[in-house]
>>> print(open('start_26.txt').read())   # compact mmCIF, C-alpha atoms
# COMPACT_ATOMS: atom_id res chain seq x y z
CA MET A 688 28.30 -0.57 30.27
CA THR A 689 25.72 -2.13 32.54
CA LEU A 690 23.08 -4.60 31.37
CA GLN A 691 20.47 -1.88 31.85
CA GLY A 692 22.48 0.41 29.61
CA VAL A 693 22.73 -2.21 26.87
CA LEU A 694 18.99 -2.94 27.03
CA ASP A 695 18.20 0.76 26.90
CA ALA A 696 20.43 1.15 23.86
CA ILE A 697 18.67 -1.74 22.07
CA ALA A 698 15.28 -0.26 22.96
CA ALA A 699 16.37 3.15 21.66
CA VAL A 700 17.56 1.64 18.35
CA CYS A 701 14.27 -0.26 17.94
CA MET A 702 12.22 2.83 18.60
CA VAL A 703 14.15 5.17 16.33
CA THR A 704 13.98 2.58 13.50
CA GLY A 705 10.27 2.19 14.13
CA ALA A 706 9.75 5.95 14.00
CA LEU A 707 11.78 6.10 10.75
CA LEU A 708 9.47 3.50 9.20
CA SER A 709 6.45 5.54 10.28
CA LEU A 710 8.06 8.54 8.58
CA ALA A 711 8.56 6.42 5.45
CA ALA A 712 4.84 5.64 5.53
CA GLY A 713 4.14 9.37 5.67
CA VAL A 714 6.51 10.10 2.78
CA ALA A 715 4.99 7.30 0.71
CA LEU A 716 1.54 8.67 1.43
CA LEU A 717 2.58 12.01 -0.03
CA ARG A 718 4.71 10.87 -2.94
CA PHE A 719 3.14 7.72 -4.38
CA PRO A 720 1.15 8.34 -7.56
CA ASP A 721 -2.10 6.46 -7.01
CA LEU A 722 -4.29 5.17 -4.24
CA LEU A 723 -3.35 1.50 -4.45
CA SER A 724 0.36 2.35 -4.17
CA ARG A 725 -0.38 4.48 -1.13
CA MET A 726 -2.22 1.55 0.42
CA HIS A 727 1.07 -0.34 0.44
CA ALA A 728 2.57 2.41 2.54
CA ALA A 729 -0.29 2.18 5.00
CA ALA A 730 -0.14 -1.60 5.24
CA LYS A 731 3.55 -2.22 5.56
CA PRO A 732 6.29 0.07 6.86
CA GLN A 733 3.86 1.42 9.37
CA VAL A 734 2.90 -1.97 10.85
CA LEU A 735 6.54 -2.97 11.28
CA GLY A 736 7.23 0.50 12.68
CA LEU A 737 4.59 -0.03 15.33
CA LEU A 738 5.92 -3.52 16.10
CA LEU A 739 9.46 -2.17 16.52
CA VAL A 740 8.36 0.62 18.86
CA LEU A 741 6.38 -2.01 20.73
CA THR A 742 9.51 -4.16 21.05
CA GLY A 743 11.39 -1.18 22.41
CA CYS A 744 8.60 -0.57 24.87
CA ALA A 745 8.54 -4.22 25.98
CA ILE A 746 12.28 -4.03 26.69
CA ARG A 747 11.81 -0.91 28.82
CA ILE A 748 8.69 -2.08 30.68
CA ALA A 749 9.31 -5.78 31.23
CA THR A 750 6.41 -6.74 33.49
CA VAL A 751 4.12 -9.65 32.63
CA VAL A 752 0.90 -7.62 32.76
CA ASP A 753 2.13 -5.02 30.31
CA VAL A 754 3.88 -7.42 27.96
CA THR A 755 0.66 -9.41 27.50
CA THR A 756 -1.11 -6.16 26.59
CA MET A 757 1.61 -5.48 24.03
CA VAL A 758 1.31 -9.00 22.59
CA LEU A 759 -2.40 -8.28 22.05
CA ILE A 760 -1.64 -4.95 20.36
CA ALA A 761 0.80 -6.68 18.01
CA PHE A 762 -1.70 -9.43 17.25
CA PHE A 763 -4.55 -7.02 16.52
CA GLN A 764 -2.32 -4.93 14.29
CA LEU A 765 -1.12 -7.91 12.25
CA ALA A 766 -4.63 -9.31 11.94
CA THR A 767 -6.46 -6.10 11.04
CA ALA A 768 -4.03 -4.16 8.83
CA PRO A 769 -4.42 -6.45 5.77
CA VAL A 770 -8.22 -6.50 6.13
CA ALA A 771 -8.50 -2.72 6.18
CA ALA A 772 -6.04 -2.47 3.28
CA HIS A 773 -8.00 -5.00 1.25
CA MET A 774 -11.37 -3.34 1.84
CA VAL A 775 -10.12 0.10 0.83
CA GLY A 776 -8.05 -1.32 -2.04
CA ARG A 777 -11.03 -3.20 -3.43
CA ALA A 778 -13.27 -0.16 -3.19
CA ALA A 779 -10.60 1.91 -4.94
CA TYR A 780 -10.19 -0.56 -7.78
CA ARG A 781 -13.93 -0.91 -8.35
CA ASP A 782 -14.23 2.82 -8.40
CA GLY A 783 -11.60 3.05 -11.10
CA GLN A 784 -9.16 5.07 -9.02
CA THR A 785 -6.15 3.18 -10.35
CA ARG A 786 -3.62 4.85 -12.63
CA THR A 787 -3.60 2.25 -15.40
CA ASP A 788 -0.56 3.84 -17.07
CA LEU A 789 1.53 2.67 -14.13
CA LEU A 790 0.38 -0.94 -14.33
CA ILE A 791 2.59 -3.43 -16.14
CA THR A 792 -0.26 -5.92 -16.43
CA ASP A 793 -3.80 -6.01 -15.11
CA GLU A 794 -5.14 -9.54 -14.96
CA LEU A 795 -8.16 -8.47 -12.94
CA ALA A 796 -9.78 -6.13 -15.48
CA PRO A 797 -11.04 -8.93 -17.79
CA GLN A 798 -12.61 -10.65 -14.77
CA MET A 799 -14.34 -7.62 -13.33
CA ASP A 800 -17.78 -8.40 -14.78
CA ARG A 801 -17.85 -11.47 -12.56
CA PHE A 802 -17.62 -9.29 -9.47
CA SER A 803 -19.83 -6.41 -10.54
CA GLU A 804 -23.14 -7.83 -9.33
CA ARG A 805 -22.00 -9.07 -6.00
CA PRO A 806 -21.58 -6.07 -3.69
CA ALA A 807 -25.32 -5.36 -3.69
CA GLU A 808 -26.07 -8.96 -2.74
CA ARG A 809 -23.52 -8.90 0.01
CA ASN A 810 -25.00 -5.79 1.53
CA GLY A 811 -28.30 -7.60 1.71
CA ARG A 812 -30.00 -5.00 -0.45
CA ALA A 813 -31.83 -5.42 -3.71
CA SER A 814 -30.01 -3.88 -6.62
CA VAL A 815 -31.74 -0.57 -7.31
CA ASP A 816 -29.52 0.88 -10.02
CA PRO A 817 -29.84 -0.60 -13.48
CA PRO A 818 -26.51 -2.17 -14.51
CA ALA A 819 -24.33 0.45 -16.13
CA MET B 179 17.60 8.13 26.13
CA THR B 180 16.58 11.78 25.90
CA VAL B 181 18.22 12.06 22.47
CA ALA B 182 16.27 9.00 21.29
CA ALA B 183 13.04 10.44 22.71
CA VAL B 184 13.53 13.74 20.88
CA ALA B 185 14.43 11.93 17.64
CA VAL B 186 11.39 9.65 17.82
CA ALA B 187 9.11 12.60 18.60
CA ALA B 188 10.49 14.62 15.68
CA LEU B 189 10.12 11.72 13.22
CA LEU B 190 6.57 10.97 14.33
CA ILE B 191 5.54 14.62 14.15
CA ALA B 192 6.94 14.83 10.60
CA ALA B 193 5.03 11.65 9.65
CA CYS B 194 1.83 13.07 11.18
CA ALA B 195 2.27 16.29 9.21
CA MET B 196 2.57 14.36 5.94
CA ALA B 197 -0.51 12.29 6.69
CA LEU B 198 -2.39 15.50 7.47
CA VAL B 199 -1.32 17.03 4.17
CA ARG B 200 -2.70 13.97 2.38
CA ILE B 201 -5.96 14.25 4.31
CA ILE B 202 -6.31 17.90 3.27
CA ARG B 203 -5.27 17.37 -0.35
CA GLY B 204 -7.41 14.27 -0.90
CA PRO B 205 -8.36 14.11 -3.76
CA THR B 206 -10.92 11.37 -2.99
CA THR B 207 -12.57 10.11 0.17
CA LEU B 208 -10.62 6.86 -0.05
CA ASP B 209 -7.32 8.77 -0.07
CA ARG B 210 -8.42 10.49 3.09
CA ILE B 211 -9.40 7.20 4.73
CA VAL B 212 -5.99 5.71 4.03
CA ALA B 213 -4.29 8.81 5.39
CA THR B 214 -6.51 8.80 8.48
CA ASP B 215 -5.62 5.15 9.02
CA VAL B 216 -1.92 5.97 8.91
CA LEU B 217 -2.47 8.96 11.20
CA LEU B 218 -4.22 6.70 13.71
CA ALA B 219 -1.36 4.18 13.58
CA ILE B 220 1.18 6.95 14.11
CA THR B 221 -0.84 8.15 17.10
CA ALA B 222 -0.78 4.62 18.51
CA THR B 223 2.97 4.49 17.91
CA ALA B 224 3.38 7.79 19.73
CA ILE B 225 1.39 6.55 22.75
CA ILE B 226 3.55 3.41 22.94
CA ALA B 227 6.73 5.50 22.61
CA GLU B 228 5.56 7.76 25.41
CA ALA B 229 4.87 4.71 27.60
CA ALA B 230 8.35 3.37 26.84
CA PHE B 231 10.24 6.57 27.61
CA THR B 232 8.44 7.31 30.87
CA ARG B 233 8.25 3.58 31.80
CA ASP B 234 4.60 4.23 32.56
CA PRO B 235 2.19 1.64 31.07
CA THR B 236 -1.03 3.48 32.00
CA ALA B 237 -1.87 4.40 28.40
CA LEU B 238 -1.23 0.98 26.83
CA PRO B 239 -4.87 -0.25 27.03
CA VAL B 240 -5.78 2.81 24.96
CA VAL B 241 -3.59 1.44 22.17
CA VAL B 242 -5.39 -1.92 22.34
CA VAL B 243 -8.69 -0.13 21.71
CA VAL B 244 -7.20 2.08 19.01
CA SER B 245 -5.66 -0.86 17.13
CA LEU B 246 -8.99 -2.72 17.26
CA LEU B 247 -11.17 0.22 16.28
CA GLY B 248 -8.88 1.51 13.54
CA ILE B 249 -10.18 -1.16 11.20
CA THR B 250 -13.88 -0.42 11.70
CA GLY B 251 -13.53 3.11 10.38
CA SER B 252 -11.79 2.20 7.14
CA VAL B 253 -13.92 -0.89 6.49
CA GLY B 254 -17.15 0.94 7.23
CA VAL B 255 -16.40 3.90 5.03
CA ALA B 256 -14.86 1.78 2.26
CA ARG B 257 -18.12 -0.13 1.93
CA PHE B 258 -20.22 2.92 1.33
CA VAL B 259 -18.11 5.25 -0.78
CA THR B 260 -17.72 2.92 -3.75
CA ARG B 261 -20.31 4.68 -5.86
CA GLU B 262 -19.08 8.17 -5.07
CA LYS B 263 -19.59 10.62 -7.92
CA PRO B 264 -16.75 13.10 -8.41
CA MET C 901 -17.13 -28.16 -0.49
CA SER C 902 -18.73 -30.85 1.63
CA PRO C 903 -20.88 -29.75 4.59
CA LEU C 904 -19.35 -30.04 8.01
CA THR C 905 -19.92 -33.09 10.15
CA LYS C 906 -21.13 -32.64 13.71
CA ARG C 907 -17.70 -33.43 15.09
CA GLU C 908 -16.03 -30.81 12.92
CA ARG C 909 -18.63 -28.25 14.00
CA ILE C 910 -17.97 -28.94 17.68
CA ARG C 911 -14.23 -28.80 17.15
CA SER C 912 -14.52 -25.45 15.42
CA ARG C 913 -16.62 -24.09 18.34
CA ILE C 914 -14.12 -25.31 20.91
CA THR C 915 -11.25 -23.69 19.02
CA ALA C 916 -13.16 -20.39 19.01
CA VAL C 917 -13.79 -20.61 22.78
CA ILE C 918 -10.13 -21.37 23.49
CA GLY C 919 -9.06 -18.43 21.34
CA LEU C 920 -11.42 -16.04 23.11
CA VAL C 921 -10.38 -17.24 26.57
CA LEU C 922 -6.75 -16.67 25.59
CA VAL C 923 -7.50 -13.10 24.47
CA TRP C 924 -9.47 -12.48 27.68
CA ASN C 925 -6.52 -13.63 29.80
CA LEU C 926 -4.13 -11.48 27.79
CA LEU C 927 -6.41 -8.47 28.23
CA TRP C 928 -6.35 -8.91 32.01
CA GLY C 929 -2.63 -9.39 31.79
CA GLU C 930 -2.29 -12.60 33.76
CA PHE C 931 -3.34 -16.23 33.59
CA THR C 932 -5.43 -17.08 36.66
CA TRP C 933 -8.23 -19.58 37.23
CA MET C 934 -10.63 -16.72 37.83
CA ASN C 935 -9.79 -15.13 34.47
CA THR C 936 -10.02 -18.46 32.67
CA ILE C 937 -13.43 -19.34 34.11
CA SER C 938 -14.95 -15.89 33.61
CA GLY C 939 -13.40 -15.80 30.13
CA ALA C 940 -14.96 -19.17 29.27
CA VAL C 941 -18.41 -17.98 30.42
CA ILE C 942 -18.12 -14.81 28.35
CA ALA C 943 -16.74 -16.68 25.33
CA VAL C 944 -19.68 -19.11 25.34
CA ALA C 945 -22.13 -16.21 25.73
CA ILE C 946 -20.52 -14.33 22.82
CA LEU C 947 -20.61 -17.39 20.58
CA LEU C 948 -24.28 -17.97 21.43
CA VAL C 949 -25.25 -14.39 20.63
CA PHE C 950 -22.91 -13.88 17.65
CA PRO C 951 -22.28 -17.35 16.22
CA LEU C 952 -19.20 -17.52 14.01
CA PRO C 953 -19.38 -19.38 10.74
CA PRO C 954 -17.76 -22.76 11.37
CA VAL C 955 -14.31 -23.10 9.86
CA LYS C 956 -13.41 -26.31 8.13
CA PHE C 957 -10.00 -27.40 9.31
CA GLY C 958 -9.10 -30.73 7.81
CA GLY C 959 -5.37 -30.68 8.35
CA ARG C 960 -3.05 -31.25 11.23
CA LEU C 961 -0.44 -29.09 12.88
CA ARG C 962 3.20 -29.70 12.08
CA PRO C 963 4.94 -27.65 14.80
CA LEU C 964 8.33 -27.47 13.08
CA HIS C 965 6.79 -26.15 9.87
CA VAL C 966 4.60 -23.73 11.85
CA ILE C 967 7.76 -22.21 13.33
CA GLY C 968 9.32 -22.19 9.88
CA PHE C 969 6.28 -20.43 8.44
CA PHE C 970 6.33 -17.71 11.10
CA ALA C 971 10.10 -17.25 10.90
CA ARG C 972 9.85 -16.77 7.14
CA PHE C 973 6.79 -14.56 7.55
CA PHE C 974 8.59 -12.17 9.88
CA TYR C 975 11.67 -12.18 7.68
CA ASP C 976 9.47 -11.25 4.71
CA LEU C 977 7.65 -8.62 6.76
CA VAL C 978 10.93 -6.90 7.62
CA VAL C 979 12.25 -7.09 4.05
CA ALA C 980 8.91 -5.84 2.66
CA SER C 981 8.78 -2.91 5.02
CA PHE C 982 12.26 -1.72 4.18
CA GLN C 983 11.67 -2.20 0.45
CA VAL C 984 8.54 -0.07 0.50
CA ALA C 985 10.27 2.46 2.74
CA PHE C 986 13.15 2.58 0.24
CA LEU C 987 10.73 3.06 -2.66
CA ALA C 988 9.16 5.95 -0.79
CA PHE C 989 12.42 7.88 -0.64
CA ARG C 990 13.63 7.01 -4.16
CA PRO C 991 12.83 9.47 -6.94
CA GLY C 992 10.43 8.42 -9.66
CA GLU C 993 7.02 6.81 -9.67
CA PRO C 994 7.06 3.08 -8.88
CA LYS C 995 5.43 0.77 -11.42
CA SER C 996 2.94 -1.81 -10.27
CA ALA C 997 0.90 -4.71 -11.63
CA ILE C 998 -2.20 -6.68 -10.81
CA VAL C 999 -1.71 -10.43 -11.13
CA ALA C 1000 -4.11 -13.31 -10.74
CA VAL C 1001 -2.76 -16.19 -8.68
CA GLU C 1002 -4.79 -19.37 -8.56
CA LEU C 1003 -4.24 -21.19 -5.31
CA ARG C 1004 -3.95 -24.95 -5.35
CA VAL C 1005 -5.94 -25.50 -2.15
CA LYS C 1006 -9.25 -23.66 -2.39
CA SER C 1007 -10.56 -23.89 1.18
CA ASP C 1008 -11.73 -20.67 2.84
CA LEU C 1009 -9.22 -21.06 5.65
CA ASN C 1010 -6.30 -21.48 3.27
CA MET C 1011 -7.37 -18.52 1.12
CA THR C 1012 -7.79 -16.28 4.16
CA LEU C 1013 -4.45 -17.15 5.70
CA VAL C 1014 -2.54 -16.90 2.41
CA ALA C 1015 -4.21 -13.53 1.75
CA GLU C 1016 -3.23 -12.29 5.21
CA ALA C 1017 0.34 -13.44 4.83
CA VAL C 1018 0.67 -12.14 1.27
CA SER C 1019 -0.71 -8.74 2.28
CA LEU C 1020 2.26 -8.35 4.59
CA VAL C 1021 5.10 -9.56 2.32
CA PRO C 1022 7.01 -7.46 -0.27
CA GLY C 1023 4.83 -4.96 -2.09
CA SER C 1024 1.62 -6.92 -2.41
CA LEU C 1025 -1.99 -6.15 -1.60
CA ILE C 1026 -5.12 -8.17 -2.23
CA ALA C 1027 -7.30 -6.23 -4.66
CA GLU C 1028 -9.94 -8.91 -5.10
CA ALA C 1029 -10.49 -12.52 -4.08
CA ASP C 1030 -12.60 -15.05 -5.95
CA GLN C 1031 -13.95 -17.73 -3.67
CA GLN C 1032 -15.31 -19.94 -6.44
CA THR C 1033 -12.08 -20.39 -8.35
CA GLY C 1034 -9.77 -19.85 -5.37
CA THR C 1035 -8.02 -17.01 -7.14
CA LEU C 1036 -6.39 -14.03 -5.48
CA TYR C 1037 -5.94 -10.84 -7.50
CA ILE C 1038 -2.88 -9.19 -6.08
CA HIS C 1039 -1.71 -5.63 -6.63
CA MET C 1040 2.09 -5.61 -6.54
CA LEU C 1041 4.14 -2.50 -5.97
CA GLY C 1042 7.60 -1.89 -7.39
CA VAL C 1043 7.43 -4.42 -10.21
CA ARG C 1044 10.36 -3.90 -12.59
CA ASP C 1045 9.52 -6.13 -15.58
CA ALA C 1046 7.69 -9.27 -16.67
CA GLU C 1047 10.41 -11.56 -15.32
CA HIS C 1048 10.27 -9.93 -11.91
CA LEU C 1049 6.50 -10.32 -12.03
CA GLU C 1050 6.75 -14.08 -12.55
CA ARG C 1051 9.12 -14.32 -9.62
CA LEU C 1052 6.61 -12.52 -7.40
CA ARG C 1053 3.85 -14.83 -8.62
CA ALA C 1054 5.93 -17.88 -7.73
CA GLU C 1055 6.61 -16.34 -4.34
CA VAL C 1056 2.86 -16.26 -3.55
CA LEU C 1057 2.61 -19.96 -4.36
CA HIS C 1058 5.59 -20.58 -2.09
CA VAL C 1059 3.76 -18.84 0.74
CA GLU C 1060 0.83 -21.17 0.14
CA ALA C 1061 3.11 -24.21 0.09
CA ARG C 1062 4.72 -23.19 3.38
CA LEU C 1063 1.31 -22.66 4.96
CA ILE C 1064 0.01 -26.04 3.80
CA ARG C 1065 3.17 -27.70 5.06
CA ALA C 1066 2.45 -26.12 8.45
CA ILE C 1067 -1.26 -26.82 8.86
CA GLY C 1068 -2.57 -28.66 5.78
CA SER C 1069 -3.86 -32.21 5.53
CA ASP C 1070 -1.85 -34.92 3.78
CA GLU C 1071 -4.07 -34.71 0.74
CA GLU C 1072 -3.57 -30.94 0.45
CA LEU C 1073 0.14 -31.41 0.91
CA ARG C 1074 0.25 -33.80 -2.03
CA ARG C 1075 -1.55 -31.26 -4.18
CA VAL C 1076 0.93 -28.54 -3.27
CA ASN C 1077 3.95 -30.76 -3.80
CA ALA C 1078 2.72 -32.07 -7.15
CA PRO C 1079 4.33 -30.48 -10.21
CA ARG C 1080 2.33 -27.55 -11.53
CA GLU C 1081 -0.10 -28.42 -14.28
CA GLU C 1082 -2.44 -26.30 -16.35
CA PRO C 1083 -6.04 -26.59 -15.15
CA ALA C 1084 -8.23 -28.29 -17.73
CA THR C 1085 -11.06 -25.90 -18.55
>>> encode(input="start_26.txt", output="structure tokens")
Amino acid sequence: MTLQGVLDAIAAVCMVTGALLSLAAGVALLRFPDLLSRMHAAAKPQVLGLLLVLTGCAIRIATVVDVTTMVLIAFFQLATAPVAAHMVGRAAYRDGQTRTDLLITDELAPQMDRFSERPAERNGRASVDPPA
Amino acid sequence: MTVAAVAVAALLIAACAMALVRIIRGPTTLDRIVATDVLLAITATAIIAEAAFTRDPTALPVVVVVSLLGITGSVGVARFVTREKP
Amino acid sequence: MSPLTKRERIRSRITAVIGLVLVWNLLWGEFTWMNTISGAVIAVAILLVFPLPPVKFGGRLRPLHVIGFFARFFYDLVVASFQVAFLAFRPGEPKSAIVAVELRVKSDLNMTLVAEAVSLVPGSLIAEADQQTGTLYIHMLGVRDAEHLERLRAEVLHVEARLIRAIGSDEELRRVNAPREEPAT
């Protein structure tokens, strides 16, 4: 087997594994019981899946110009995925979209009154609704 | 390599289909945002895979934009749906 | 938290410019003088129009520990991904838990970086963060029982310890290495 053949084989393995992880994200999206669990699927297997496909791609197209682009893609993915997950997760929890029967403990619930007033302030708007 | 390309395409299409089902079924806006986010990431993965199999990097800058903009959608919507009434 | 001195403010600006120039070069795909100069001009313009909040960085870099942190981070990322993928295919609904973890170093930078790292390691997601008390509320997926939960909680503190070892100041390092004590409230 030539070096090119070996590299192609490694790239193929990376990409198929990456695609499998993307599929796992899809399956988790369908099967997991509540929104916060589904967030895990969006934040994790899928990011590694993208990184693996990216690795495969970098092996196949090994020019400096394109590899730097891929480094940027990887960096943006790693930096933004947790932020998006946190924003949606926080909104979901505040909205009460969590299946409490699936939680072993919830150490946040007793603290929630400390957070309840803040979103309005952060949006820079005066609180219009009377506190529920 | 062709076998790998077909396998990757099949897996990604299946993943896309599942994300679409979640977008249709909901039940809440936030569920749909999460699913859309995953769909976007799978699209990005597909573009990268296409670039790898054809050894043609033309579409890679698109992925840079997609991976940067993906966050704005979910963050923007997540901020404003919190008080959604069922 | 003490206000920033002028020197710290300038240092934080310079770091931002260097970061932006690096991204600019990577976007063009090659490191040339032309890219660096044009990138620097654009970076300064961006920071003048959209000033970033200055970041207080009191520590120093320990290159060996930085490598260690990233190596462990990627190891955890891979393990986490396959664990969640495995959970997705296994029958039954996975149990989860929300735990409060109080960090020992309460700076914004430390909280942000720990939160980022924790979001990507096995089955954890930041549900809420409290800046005042330096507490992260973490939603954990696939928790089996109370004992497993405590192990996951300890793991978060280990992430913090590794991060502080990589970029923290000596004082922060002492706080992380000190034996755990109950906060007097």
>>> closest_residue(input="start_26.txt", among="A:Ala715, A:Leu738, A:Leu694, A:Leu759", to="Phe974 of chain C", atoms="only C-alpha atoms")
A:Leu738
>>> residues_around(input="start_26.txt", residues="segment 198-206 of chain B", least_positions_apart="5", cutoff="7 Å", atoms="all atoms listed in the file", output="list in words")
Leu716 and Leu717 of chain A; Ala213 and Thr214 of chain B
>>> interface_residues(input="start_26.txt", of="chain B", to="chain C", cutoff="12 Å", atoms="only C-alpha atoms", output="ChimeraX atom specification")
/B:238-243
>>> atom_distance(input="start_26.txt", atom1="atom CA of Ile937 of chain C", atom2="atom CA of Gln764 of chain A")
26.9 Å
>>> interface_residues(input="start_26.txt", of="chain A", to="chain C", cutoff="8 Å", atoms="all atoms listed in the file", output="MDAnalysis selection string")
chainID A and resid 708 711:712 714:715 718:720 723:724 726:728 730:733 735 751:756 758:759 766 769:770 772:773 776:777 780 789:795
>>> closest_atom_pairs(input="start_26.txt", of="chain A", to="chain B", cutoff="8 Å", atoms="all atoms listed in the file", output="tab-separated table")
residue	atom	partner	partner_atom	distance
A:Asp695	CA	B:Met179	CA	7.4
A:Ala696	CA	B:Met179	CA	7.9
A:Ala699	CA	B:Ala182	CA	5.9
A:Met702	CA	B:Val186	CA	6.9
A:Val703	CA	B:Val186	CA	5.5
A:Ala706	CA	B:Val186	CA	5.6
A:Leu707	CA	B:Leu189	CA	6.4
A:Ser709	CA	B:Ala193	CA	6.3
A:Leu710	CA	B:Ala193	CA	4.5
A:Ala711	CA	B:Ala193	CA	7.6
A:Ala712	CA	B:Ala193	CA	7.3
A:Gly713	CA	B:Ala193	CA	4.7
A:Val714	CA	B:Met196	CA	6.6
A:Leu716	CA	B:Ala197	CA	6.7
A:Leu717	CA	B:Arg200	CA	6.1
A:Leu722	CA	B:Asp209	CA	6.3
A:Arg725	CA	B:Val212	CA	7.7
A:Met726	CA	B:Val212	CA	6.7
A:Ala729	CA	B:Val216	CA	5.7
A:Gln733	CA	B:Ala219	CA	7.3
A:Val734	CA	B:Ala219	CA	8.0
A:Gly736	CA	B:Thr223	CA	7.8
A:Leu737	CA	B:Thr223	CA	5.5
A:Val740	CA	B:Ala227	CA	6.4
A:Leu741	CA	B:Ile226	CA	6.5
A:Gly743	CA	B:Ala230	CA	7.0
A:Cys744	CA	B:Ala230	CA	4.4
A:Ala745	CA	B:Ala230	CA	7.6
A:Arg747	CA	B:Ala230	CA	5.8
A:Ile748	CA	B:Arg233	CA	5.8
A:Asp753	CA	B:Pro235	CA	6.7
A:Thr756	CA	B:Pro239	CA	7.0
A:Met757	CA	B:Leu238	CA	7.6
A:Leu759	CA	B:Val242	CA	7.0
A:Ile760	CA	B:Val242	CA	5.2
A:Phe763	CA	B:Leu246	CA	6.2
A:Gln764	CA	B:Ser245	CA	6.0
A:Thr767	CA	B:Ile249	CA	6.2
A:Ala768	CA	B:Ile249	CA	7.2
A:Val770	CA	B:Ile249	CA	7.6
A:Ala771	CA	B:Ile249	CA	5.5
A:Met774	CA	B:Val253	CA	5.8
A:Val775	CA	B:Ala256	CA	5.2
A:Ala778	CA	B:Thr260	CA	5.4
A:Ala779	CA	B:Leu208	CA	7.0
A:Arg781	CA	B:Thr260	CA	7.1
A:Asp782	CA	B:Thr260	CA	5.8
>>> residues_around(input="start_26.txt", residues="Val1005 of chain C", least_positions_apart="6", cutoff="8 Å", atoms="only C-alpha atoms", output="list in words")
Met1011, Gly1034, Glu1072, Arg1075 and Val1076 of chain C
>>> axis_aligned_box(input="start_26.txt", around="segment 216-225 of chain B", padding_each_side="8 Å", output="lines of an AutoDock Vina configuration file")
center_x = -0.4
center_y = 6.6
center_z = 15.8
size_x = 23.6
size_y = 20.8
size_z = 29.8
>>> atom_distance(input="start_26.txt", atom1="atom CA of Glu1071 of chain C", atom2="atom CA of His965 of chain C")
16.6 Å
>>> atom_distance(input="start_26.txt", atom1="atom CA of Val1059 of chain C", atom2="atom CA of Arg972 of chain C")
9.1 Å
>>> decode(input="start_26.txt", residues="segment 1009-1032 of chain C", atoms="C-alpha atoms", output="PDB file, in the first residue's frame")
ATOM      1  CA  LEU C1009     -12.045  34.608  33.023  1.00  0.00           C
ATOM      2  CA  ASN C1010     -11.770  31.467  35.131  1.00  0.00           C
ATOM      3  CA  MET C1011     -15.547  30.990  35.248  1.00  0.00           C
ATOM      4  CA  THR C1012     -15.870  31.426  31.487  1.00  0.00           C
ATOM      5  CA  LEU C1013     -13.084  29.030  30.617  1.00  0.00           C
ATOM      6  CA  VAL C1014     -14.188  26.375  33.116  1.00  0.00           C
ATOM      7  CA  ALA C1015     -17.750  26.680  31.800  1.00  0.00           C
ATOM      8  CA  GLU C1016     -16.535  26.267  28.215  1.00  0.00           C
ATOM      9  CA  ALA C1017     -14.427  23.256  29.074  1.00  0.00           C
ATOM     10  CA  VAL C1018     -17.101  21.654  31.253  1.00  0.00           C
ATOM     11  CA  SER C1019     -19.719  22.106  28.530  1.00  0.00           C
ATOM     12  CA  LEU C1020     -17.649  19.842  26.314  1.00  0.00           C
ATOM     13  CA  VAL C1021     -16.749  17.051  28.782  1.00  0.00           C
ATOM     14  CA  PRO C1022     -18.902  14.001  29.661  1.00  0.00           C
ATOM     15  CA  GLY C1023     -22.612  14.755  29.798  1.00  0.00           C
ATOM     16  CA  SER C1024     -22.567  18.229  31.275  1.00  0.00           C
ATOM     17  CA  LEU C1025     -24.193  21.494  30.284  1.00  0.00           C
ATOM     18  CA  ILE C1026     -24.231  24.835  32.048  1.00  0.00           C
ATOM     19  CA  ALA C1027     -27.820  25.611  33.010  1.00  0.00           C
ATOM     20  CA  GLU C1028     -27.060  28.759  34.973  1.00  0.00           C
ATOM     21  CA  ALA C1029     -24.022  30.653  36.206  1.00  0.00           C
ATOM     22  CA  ASP C1030     -23.896  32.907  39.241  1.00  0.00           C
ATOM     23  CA  GLN C1031     -21.234  35.554  38.934  1.00  0.00           C
ATOM     24  CA  GLN C1032     -21.516  36.803  42.508  1.00  0.00           C
TER      25      GLN C1032
END
